[in-house]
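> File run_13.csv below, CSV, C-alpha atoms:
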```
chain,number,residue,atom,x,y,z
I,1,MET,CA,-19.6,-229.7,-65.0
I,2,THR,CA,-17.7,-230.6,-61.8
I,3,ASP,CA,-14.1,-231.6,-61.7
I,4,HIS,CA,-15.3,-235.1,-61.0
I,5,GLU,CA,-17.5,-235.2,-64.0
I,6,LEU,CA,-14.7,-233.8,-66.2
I,7,GLU,CA,-12.3,-236.5,-64.8
I,8,GLN,CA,-14.9,-239.2,-65.6
I,9,ALA,CA,-15.3,-237.9,-69.2
I,10,LEU,CA,-11.5,-237.7,-69.7
I,11,ASP,CA,-11.2,-241.2,-68.2
I,12,ARG,CA,-13.5,-242.5,-70.9
I,13,LEU,CA,-11.4,-241.2,-73.8
I,14,PRO,CA,-9.6,-243.9,-75.9
I,15,ARG,CA,-6.0,-244.7,-74.9
I,16,GLU,CA,-5.0,-246.1,-78.2
I,17,ARG,CA,-5.2,-245.1,-81.9
I,18,GLU,CA,-3.6,-246.5,-85.0
I,19,PRO,CA,-1.4,-244.2,-87.0
I,20,GLY,CA,-1.3,-244.4,-90.8
I,21,ARG,CA,0.0,-247.6,-92.3
I,22,MET,CA,3.0,-245.8,-93.9
I,23,LEU,CA,4.4,-244.9,-90.5
I,24,GLU,CA,5.7,-248.4,-89.7
I,25,GLU,CA,7.5,-248.6,-93.1
I,26,ARG,CA,8.9,-245.1,-92.7
I,27,THR,CA,10.2,-246.0,-89.3
I,28,VAL,CA,11.7,-249.3,-90.3
I,29,ARG,CA,13.4,-247.7,-93.3
I,30,ALA,CA,14.9,-245.0,-91.1
I,31,LEU,CA,16.2,-247.6,-88.6
I,32,ARG,CA,17.7,-249.7,-91.5
I,33,GLU,CA,19.4,-246.6,-92.8
I,34,GLU,CA,20.9,-246.0,-89.4
I,35,GLY,CA,22.0,-249.6,-89.2
I,36,LEU,CA,19.9,-250.2,-86.1
I,37,ILE,CA,18.0,-253.1,-87.7
I,38,VAL,CA,18.7,-255.4,-90.5
I,39,SER,CA,16.3,-256.0,-93.4
I,40,ALA,CA,14.6,-259.3,-92.7
I,41,ALA,CA,15.1,-261.8,-95.5
I,42,GLY,CA,11.8,-263.3,-96.3
I,43,SER,CA,10.1,-260.7,-94.2
I,44,ALA,CA,6.8,-261.7,-95.8
I,45,GLU,CA,6.9,-264.8,-93.6
I,46,ALA,CA,7.8,-262.8,-90.6
I,47,ARG,CA,4.3,-261.3,-90.4
I,48,PRO,CA,1.0,-262.9,-91.2
I,49,ALA,CA,-0.4,-262.0,-94.6
I,50,ALA,CA,-3.0,-259.3,-94.8
I,51,ARG,CA,-6.4,-260.6,-93.7
I,52,ILE,CA,-9.6,-259.4,-95.2
I,53,ASP,CA,-13.2,-260.0,-94.2
I,54,LEU,CA,-15.2,-260.8,-97.3
I,55,ARG,CA,-18.2,-261.7,-95.2
I,56,HIS,CA,-18.8,-258.3,-93.7
I,57,ARG,CA,-17.8,-256.1,-96.6
I,58,PRO,CA,-19.5,-252.7,-96.5
I,59,TRP,CA,-21.3,-251.5,-99.7
I,60,TRP,CA,-18.7,-248.9,-100.6
I,61,ARG,CA,-16.0,-251.5,-101.0
I,62,SER,CA,-18.1,-253.2,-103.7
I,63,ALA,CA,-18.4,-249.9,-105.5
I,64,ALA,CA,-14.7,-249.2,-105.0
I,65,ALA,CA,-13.9,-252.7,-106.2
I,66,ILE,CA,-15.8,-252.1,-109.4
I,67,ALA,CA,-14.0,-248.8,-109.9
I,68,ALA,CA,-10.7,-250.4,-109.2
I,69,GLY,CA,-11.4,-253.3,-111.5
I,70,ILE,CA,-12.2,-250.9,-114.4
I,71,ALA,CA,-9.2,-248.8,-113.6
I,72,LEU,CA,-7.0,-251.9,-113.4
I,73,PHE,CA,-8.2,-253.2,-116.8
I,74,ALA,CA,-7.8,-249.9,-118.5
I,75,GLY,CA,-4.4,-249.5,-116.9
I,76,GLY,CA,-3.3,-253.0,-117.6
I,77,LEU,CA,-0.6,-252.0,-120.0
I,78,SER,CA,0.4,-249.2,-117.8
I,79,VAL,CA,1.0,-251.6,-115.0
I,80,GLY,CA,3.5,-253.3,-117.1
I,81,GLN,CA,5.2,-250.0,-117.8
I,82,MET,CA,5.0,-249.1,-114.2
I,83,LEU,CA,6.8,-252.3,-113.3
I,84,GLY,CA,9.7,-250.8,-115.3
I,85,ALA,CA,9.4,-247.5,-113.6
I,86,ARG,CA,12.2,-246.2,-111.4
I,87,GLN,CA,10.7,-246.8,-107.9
I,88,THR,CA,9.3,-250.2,-108.6
I,89,ALA,CA,12.4,-251.2,-110.4
I,90,ASP,CA,14.3,-250.3,-107.2
I,91,ALA,CA,12.1,-252.6,-105.3
I,92,PHE,CA,12.7,-255.5,-107.6
I,93,GLN,CA,16.4,-254.6,-107.6
I,94,THR,CA,16.4,-255.3,-103.9
I,95,VAL,CA,15.0,-258.7,-104.6
I,96,PHE,CA,17.6,-259.5,-107.2
I,97,GLU,CA,20.4,-258.3,-104.9
I,98,ASP,CA,19.2,-260.8,-102.4
I,99,GLY,CA,19.6,-263.5,-105.1
I,100,ASP,CA,15.9,-264.3,-105.3
I,101,VAL,CA,15.6,-264.3,-109.0
I,102,LEU,CA,13.0,-267.0,-109.0
I,103,LEU,CA,10.9,-265.1,-106.5
I,104,ALA,CA,10.9,-262.0,-108.8
I,105,ALA,CA,9.9,-264.1,-111.7
I,106,GLN,CA,7.1,-265.6,-109.7
I,107,VAL,CA,5.8,-262.1,-108.8
I,108,GLN,CA,5.9,-261.2,-112.5
I,109,ARG,CA,3.9,-264.3,-113.5
I,110,ALA,CA,1.4,-263.7,-110.7
I,111,GLY,CA,1.0,-260.1,-111.7
I,112,SER,CA,0.4,-261.1,-115.3
I,113,ASP,CA,-2.2,-263.7,-114.3
I,114,TYR,CA,-3.9,-261.1,-112.1
I,115,VAL,CA,-4.2,-258.6,-114.9
I,116,ALA,CA,-5.3,-261.3,-117.4
I,117,ALA,CA,-8.0,-262.5,-115.0
I,118,LEU,CA,-9.3,-259.0,-114.6
I,119,ALA,CA,-9.3,-258.6,-118.4
I,120,ALA,CA,-11.3,-261.8,-118.8
I,121,LEU,CA,-13.7,-260.7,-116.1
I,122,SER,CA,-14.2,-257.4,-117.9
I,123,ALA,CA,-14.7,-259.2,-121.2
I,124,ALA,CA,-17.3,-261.5,-119.7
I,125,ASP,CA,-19.9,-258.7,-119.7
I,126,GLY,CA,-23.4,-259.8,-118.9
I,127,GLY,CA,-22.5,-262.3,-116.2
I,128,ALA,CA,-24.4,-262.4,-112.9
I,129,ALA,CA,-23.9,-259.0,-111.2
I,130,ALA,CA,-23.3,-260.6,-107.8
I,131,ASP,CA,-20.6,-262.9,-109.1
I,132,THR,CA,-18.9,-260.1,-110.9
I,133,SER,CA,-19.1,-257.9,-107.8
I,134,GLN,CA,-17.6,-260.7,-105.7
I,135,ALA,CA,-14.8,-261.3,-108.1
I,136,LEU,CA,-14.0,-257.6,-108.2
I,137,GLU,CA,-14.0,-257.5,-104.4
I,138,VAL,CA,-11.3,-260.2,-104.5
I,139,ALA,CA,-9.4,-258.2,-107.1
I,140,LEU,CA,-9.5,-255.1,-104.9
I,141,THR,CA,-8.4,-257.2,-101.9
I,142,ALA,CA,-5.4,-258.5,-103.9
I,143,LEU,CA,-4.5,-255.0,-104.9
I,144,TRP,CA,-4.6,-253.8,-101.3
I,145,ALA,CA,-2.6,-256.8,-100.1
I,146,ALA,CA,0.0,-256.4,-102.9
I,147,ALA,CA,0.3,-252.7,-102.2
I,148,ASN,CA,1.0,-253.5,-98.5
I,149,GLU,CA,3.8,-255.8,-99.6
I,150,ILE,CA,5.3,-253.5,-102.2
I,151,VAL,CA,5.5,-250.6,-99.7
I,152,ARG,CA,7.6,-252.8,-97.5
I,153,LEU,CA,10.0,-253.2,-100.4
I,154,ALA,CA,9.9,-249.6,-101.4
I,155,PRO,CA,8.5,-247.4,-98.6
I,156,ASP,CA,8.9,-244.2,-100.7
I,157,ASP,CA,7.3,-245.5,-103.8
I,158,PRO,CA,4.7,-242.8,-104.7
I,159,VAL,CA,2.4,-245.0,-106.7
I,160,THR,CA,2.0,-247.5,-103.9
I,161,ALA,CA,1.6,-244.7,-101.4
I,162,ARG,CA,-1.3,-243.3,-103.4
I,163,ILE,CA,-3.0,-246.6,-103.6
I,164,LEU,CA,-2.7,-247.2,-99.9
I,165,GLN,CA,-3.9,-243.6,-99.1
I,166,GLY,CA,-7.0,-244.3,-101.3
I,167,PHE,CA,-7.7,-247.4,-99.3
I,168,GLU,CA,-7.2,-245.6,-96.0
I,169,ALA,CA,-9.4,-242.6,-96.9
I,170,LYS,CA,-12.2,-245.0,-97.8
I,171,ALA,CA,-11.6,-247.0,-94.7
I,172,GLN,CA,-12.0,-244.0,-92.5
I,173,GLU,CA,-15.3,-243.2,-94.0
I,174,SER,CA,-16.7,-246.6,-93.0
I,175,ALA,CA,-17.6,-247.4,-89.5
I,176,ASP,CA,-17.5,-251.1,-90.3
I,177,TYR,CA,-14.0,-250.9,-91.3
I,178,GLY,CA,-12.8,-248.1,-89.0
I,179,ALA,CA,-13.7,-249.8,-85.7
I,180,ALA,CA,-10.9,-252.3,-86.0
I,181,GLY,CA,-8.7,-250.2,-88.3
I,182,GLN,CA,-7.9,-253.3,-90.3
I,183,LEU,CA,-9.4,-255.9,-92.5
I,184,LEU,CA,-10.1,-259.4,-91.2
I,185,VAL,CA,-10.4,-262.4,-93.4
I,186,GLU,CA,-7.5,-264.6,-94.3
I,187,PHE,CA,-6.5,-263.8,-97.9
V,1,MET,CA,-1.4,-284.7,-75.5
V,2,ARG,CA,-2.7,-281.4,-74.1
V,3,ALA,CA,-1.6,-278.2,-75.9
V,4,GLN,CA,0.1,-275.8,-73.6
V,5,ALA,CA,-0.4,-272.0,-73.8
V,6,VAL,CA,2.8,-270.3,-75.1
V,7,ALA,CA,3.8,-267.3,-73.1
V,8,PRO,CA,4.2,-264.2,-75.3
V,9,ILE,CA,7.7,-263.0,-75.9
V,10,THR,CA,8.5,-260.2,-73.5
V,11,ASP,CA,9.4,-256.7,-74.5
V,12,GLN,CA,12.9,-257.3,-73.0
V,13,VAL,CA,13.5,-260.4,-75.1
V,14,LEU,CA,12.4,-258.5,-78.3
V,15,ALA,CA,14.7,-255.6,-77.4
V,16,GLU,CA,17.6,-257.9,-76.9
V,17,ARG,CA,17.0,-259.4,-80.4
V,18,ILE,CA,17.0,-255.9,-81.8
V,19,MET,CA,20.2,-255.0,-80.0
V,20,GLY,CA,21.9,-258.3,-80.7
V,21,ALA,CA,21.1,-259.0,-84.4
V,22,GLY,CA,19.1,-256.0,-85.5
V,23,ASP,CA,16.1,-258.2,-85.8
V,24,GLU,CA,13.5,-256.4,-87.9
V,25,SER,CA,10.7,-258.7,-87.0
V,26,ALA,CA,11.4,-258.2,-83.3
V,27,PHE,CA,11.2,-254.4,-83.9
V,28,ARG,CA,7.9,-254.7,-85.8
V,29,GLU,CA,6.5,-256.7,-82.9
V,30,LEU,CA,7.5,-254.0,-80.4
V,31,TYR,CA,6.1,-251.4,-82.8
V,32,HIS,CA,2.8,-253.1,-83.0
V,33,ARG,CA,2.5,-253.5,-79.3
V,34,HIS,CA,3.3,-250.0,-78.3
V,35,THR,CA,2.7,-247.6,-81.1
V,36,PRO,CA,-1.2,-247.2,-80.8
V,37,ARG,CA,-0.8,-246.0,-77.2
V,38,LEU,CA,2.2,-243.8,-78.0
V,39,TYR,CA,0.5,-242.3,-81.0
V,40,GLN,CA,-2.7,-241.5,-79.2
V,41,PHE,CA,-0.6,-239.8,-76.4
V,42,VAL,CA,1.6,-237.8,-78.8
V,43,LEU,CA,-1.4,-236.8,-80.9
V,44,ARG,CA,-3.1,-235.3,-77.9
V,45,VAL,CA,0.0,-233.5,-76.7
V,46,MET,CA,0.6,-232.1,-80.2
V,47,GLY,CA,-3.0,-230.7,-80.2
V,48,GLY,CA,-4.4,-233.1,-82.7
V,49,ASP,CA,-1.9,-232.6,-85.6
V,50,GLU,CA,-1.7,-236.1,-87.1
V,51,LEU,CA,1.3,-235.4,-89.4
V,52,GLU,CA,3.4,-233.9,-86.6
V,53,ALA,CA,2.3,-236.7,-84.3
V,54,GLU,CA,3.5,-239.3,-86.8
V,55,ASP,CA,6.8,-237.6,-87.1
V,56,VAL,CA,7.2,-237.5,-83.3
V,57,VAL,CA,6.3,-241.2,-83.0
V,58,GLN,CA,8.9,-242.1,-85.7
V,59,ASP,CA,11.6,-240.0,-83.9
V,60,THR,CA,10.6,-241.6,-80.6
V,61,TRP,CA,11.2,-245.1,-82.0
V,62,ILE,CA,14.5,-244.1,-83.6
V,63,LYS,CA,15.7,-242.5,-80.3
V,64,ALA,CA,14.5,-245.4,-78.3
V,65,THR,CA,16.1,-248.0,-80.5
V,66,ARG,CA,19.4,-246.1,-80.4
V,67,ASN,CA,19.3,-246.0,-76.6
V,68,LEU,CA,17.8,-249.5,-75.9
V,69,ALA,CA,21.1,-250.6,-74.3
V,70,GLY,CA,20.8,-247.9,-71.7
V,71,PHE,CA,17.2,-248.8,-70.7
V,72,ARG,CA,17.4,-250.7,-67.4
V,73,TRP,CA,13.9,-252.2,-67.4
V,74,GLU,CA,13.1,-250.7,-64.0
V,75,SER,CA,9.9,-249.3,-65.6
V,76,LYS,CA,7.7,-250.6,-68.4
V,77,LEU,CA,8.8,-250.0,-71.9
V,78,ASP,CA,5.7,-248.0,-72.8
V,79,THR,CA,6.3,-245.6,-69.9
V,80,TRP,CA,9.9,-245.1,-71.2
V,81,LEU,CA,8.5,-244.5,-74.7
V,82,THR,CA,6.0,-242.0,-73.4
V,83,GLY,CA,8.8,-240.1,-71.7
V,84,ILE,CA,10.8,-239.9,-74.9
V,85,GLY,CA,7.7,-238.9,-76.9
V,86,LEU,CA,6.9,-236.2,-74.4
V,87,ASN,CA,10.4,-234.7,-74.6
V,88,LEU,CA,10.2,-234.7,-78.4
V,89,CYS,CA,6.8,-233.1,-78.3
V,90,ARG,CA,8.0,-230.4,-76.0
V,91,ASN,CA,11.0,-229.7,-78.2
V,92,ARG,CA,8.8,-229.3,-81.2
V,93,LEU,CA,6.3,-227.1,-79.4
V,94,ARG,CA,9.1,-225.0,-78.0
V,95,THR,CA,10.8,-224.6,-81.4
V,96,SER,CA,7.6,-223.4,-83.0
V,97,GLY,CA,6.9,-221.1,-80.1
V,98,ARG,CA,3.8,-223.1,-78.9
V,99,TRP,CA,5.3,-224.1,-75.5
V,100,THR,CA,5.6,-221.8,-72.5
V,101,ASP,CA,7.6,-223.0,-69.6
V,102,LEU,CA,5.4,-223.9,-66.7
V,103,ASP,CA,6.8,-221.5,-64.1
V,104,GLU,CA,4.7,-220.8,-61.0
V,105,GLY,CA,4.8,-217.1,-61.8
V,106,THR,CA,3.6,-217.4,-65.4
V,107,LEU,CA,0.5,-215.3,-66.0
V,108,ARG,CA,-1.7,-216.7,-68.7
V,109,ARG,CA,-4.9,-215.4,-69.8
V,110,VAL,CA,-7.6,-218.0,-69.8
V,111,GLU,CA,-9.6,-217.9,-73.0
V,112,ALA,CA,-13.3,-218.2,-73.1
V,113,ALA,CA,-15.1,-220.7,-75.2
V,114,PRO,CA,-15.3,-219.7,-78.9
V,115,ALA,CA,-18.2,-217.3,-79.4
V,116,GLY,CA,-21.4,-219.0,-80.6
V,117,GLU,CA,-20.1,-222.4,-79.8
V,118,ALA,CA,-21.7,-223.4,-76.5
V,119,ARG,CA,-20.5,-226.9,-76.3
V,120,ILE,CA,-17.5,-228.5,-78.1
V,121,ASP,CA,-16.0,-231.9,-78.4
V,122,LEU,CA,-13.8,-233.1,-75.5
V,123,GLU,CA,-10.9,-233.9,-77.8
V,124,LYS,CA,-11.2,-230.6,-79.5
V,125,ALA,CA,-11.3,-228.8,-76.2
V,126,ILE,CA,-8.1,-230.5,-75.1
V,127,GLY,CA,-6.5,-229.5,-78.4
V,128,MET,CA,-7.4,-225.9,-77.8
V,129,LEU,CA,-5.7,-225.7,-74.4
V,130,PRO,CA,-2.3,-224.0,-74.2
V,131,ALA,CA,0.4,-226.7,-74.7
V,132,GLY,CA,1.5,-226.6,-71.1
V,133,TYR,CA,-1.9,-226.9,-69.5
V,134,ARG,CA,-2.8,-229.6,-72.1
V,135,THR,CA,0.3,-231.7,-71.3
V,136,VAL,CA,-0.4,-231.6,-67.5
V,137,LEU,CA,-4.0,-232.5,-68.1
V,138,ILE,CA,-3.2,-235.4,-70.4
V,139,LEU,CA,-0.5,-236.8,-68.1
V,140,HIS,CA,-2.6,-236.6,-65.0
V,141,ASP,CA,-6.2,-237.1,-66.0
V,142,ILE,CA,-5.8,-239.3,-69.0
V,143,GLU,CA,-2.5,-241.1,-68.6
V,144,GLY,CA,-2.7,-241.4,-64.8
V,145,PHE,CA,0.6,-239.9,-63.8
V,146,LYS,CA,1.1,-238.5,-60.3
V,147,HIS,CA,2.0,-234.9,-59.7
V,148,SER,CA,5.4,-235.9,-58.5
V,149,GLU,CA,6.0,-237.9,-61.7
V,150,ILE,CA,4.7,-235.0,-63.9
V,151,ALA,CA,6.9,-232.6,-62.0
V,152,GLU,CA,10.0,-234.8,-62.6
V,153,ARG,CA,9.2,-235.2,-66.3
V,154,LEU,CA,8.5,-231.6,-67.0
V,155,GLY,CA,11.2,-230.2,-64.7
V,156,VAL,CA,8.8,-228.2,-62.5
V,157,SER,CA,7.6,-228.3,-58.9
V,158,GLU,CA,4.7,-230.4,-57.8
V,159,GLY,CA,2.9,-227.2,-56.9
V,160,THR,CA,3.2,-226.0,-60.5
V,161,SER,CA,1.9,-229.2,-61.8
V,162,LYS,CA,-1.2,-229.0,-59.4
V,163,SER,CA,-1.9,-225.3,-60.3
V,164,GLN,CA,-1.5,-226.0,-64.0
V,165,LEU,CA,-4.0,-228.9,-63.7
V,166,TRP,CA,-6.4,-226.7,-61.9
V,167,SER,CA,-6.2,-224.1,-64.6
V,168,ALA,CA,-6.4,-226.7,-67.3
V,169,ARG,CA,-9.6,-228.2,-65.8
V,170,ARG,CA,-11.2,-224.7,-65.4
V,171,GLN,CA,-10.4,-223.9,-69.0
V,172,MET,CA,-11.8,-227.2,-70.1
V,173,ARG,CA,-15.1,-226.5,-68.4
V,174,ARG,CA,-15.3,-223.2,-70.1
V,175,LEU,CA,-14.5,-224.6,-73.5
V,176,LEU,CA,-17.1,-227.3,-72.9
V,177,GLY,CA,-19.6,-224.5,-72.1
V,178,SER,CA,-20.2,-225.5,-68.5
V,179,ASP,CA,-18.3,-222.7,-66.7
V,180,PRO,CA,-19.0,-219.0,-67.5
V,181,PRO,CA,-15.9,-217.1,-68.7
V,182,GLU,CA,-14.5,-214.3,-66.5
V,183,THR,CA,-13.1,-211.3,-68.1
V,184,GLY,CA,-9.4,-210.7,-67.6
V,185,ASP,CA,-9.1,-214.0,-65.8
V,186,VAL,CA,-5.5,-214.8,-65.2
V,187,GLN,CA,-3.6,-217.6,-63.6
```
Represent the structure from my file as structure tokens, please.

Amino acid sequence: MTDHELEQALDRLPREREPGRMLEERTVRALREEGLIVSAAGSAEARPAARIDLRHRPWWRSAAAIAAGIALFAGGLSVGQMLGARQTADAFQTVFEDGDVLLAAQVQRAGSDYVAALAALSAADGGAAADTSQALEVALTALWAAANEIVRLAPDDPVTARILQGFEAKAQESADYGAAGQLLVEF
Amino acid sequence: MRAQAVAPITDQVLAERIMGAGDESAFRELYHRHTPRLYQFVLRVMGGDELEAEDVVQDTWIKATRNLAGFRWESKLDTWLTGIGLNLCRNRLRTSGRWTDLDEGTLRRVEAAPAGEARIDLEKAIGMLPAGYRTVLILHDIEGFKHSEIAERLGVSEGTSKSQLWSARRQMRRLLGSDPPETGDVQ
């Protein structure tokens, strides 16, 4: 290999790479703690919501969706308890401190509806497999999107971190997902 | 009525928002624009260690945000970020004994390709170079810096930068299995 060939090979290497999703939140938190930036009220509006492509979903996501759906149903009560756990409580505390009591109540209602819908889905055993699979994909999508928002409220929350790490690990295994490094369809 | 294209907000305007009001959304926008390139650069300089690279990227943003007021916008923001990231990488590599100063008189044994491994991946080969060689190779052959710029950033002469690049390329060819190793080869 000549110098020229080596230069050409090096020139073809990618110039960009996405770091883990947690890095942004870690960095923002560190900057807030230093007083260099101020927590954005209504930061959810500041950035577009997570977008997920349901049309080009790789097969493993369906499998993961089913697993997640089962796990969510089985852990439905635990979710309620988890909401009372320390880290998540801290996150909600932030919301209350901002005076958005109604917003917190809305989150709680939506969460209850989410779990109830999954329970109903699970109870409707014998439905068309394709329909169930699609519903579970949506459930997984909601879980991913919710985890992304929770981590912005509580970047150090270990439960959320594990959920996102699980998604990231799966995403890296999939070429469909990995090329763009992010999901695509408006949720 | 014809829709008009809206010019994207410049880095400088976003930086002013961060300095003026600690605007978190402005920071996130800057983060999304520049982190993928910064992360890829830092990851290569750190020899492929993702955790260390993420720490360096976080520290880079913190340091940059602290010093935004001192940035005179005579160069592009990403060039400035790369410079900060490079210094932080060098500090880390030095602290852990992985960086040797690039003096002209430094003798360094050029290692042969790993036994039984005729041809290895380009990124892996870059990661196997000694940190000094690796940095010069990345700055020159991948990032497109001139020797005068590398010399200024690394605090060495242009001659040192050139000789380090020559050695780095030779070692790369060996690691890639296209240049036979010489026993007792020194620089």
> For chain I, work out the contacting residues on chain V at 10 Å, counting only C-alpha atoms, and write them as a PyMOL selection string.
chain V and resi 17-29+31-32+34-41+43+50-51+53-55+57-63+65-66+122-123+126+137-138+140-144+166+169-170+172-174+176-179
> Taking (-2.9, -259.5, -105.6) as a centre in this file's frame and 10 Å as the limit, can you find every polymer residue with an atom that close, using all atoms listed in the file, and give them as an MDAnalysis selection string?
chainID I and resid 107 110:111 113:115 138:147 149 187
> Measure the distance from CA of Leu77 in chain V to CA of Ala154 in chain I in Å and round it to one decimal.
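CA of Ala154 in chain I lies at a distance of 29.5 Å from CA of Leu77 in chain V.
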> Could you state the separation of CA of Thr82 in chain V and CA of Arg153 in chain V in Å, given to one decimal place?
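One can read the CA of Thr82 in chain V to CA of Arg153 in chain V distance as 10.3 Å.
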> Would you mind reading off the distance between CA of Leu129 in chain V and CA of Thr79 in chain V, one decimal, in Å?
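Separating CA of Leu129 in chain V from CA of Thr79 in chain V is a distance of 23.7 Å.
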> Here is a test: counting all atoms listed in the file, which residue of I:Ala135, I:Ile163, I:Asn148, I:Glu5 is nearest to Ser122 in chain I?
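Counting all atoms listed in the file, the residue closest to Ser122 in chain I is I:Ala135.
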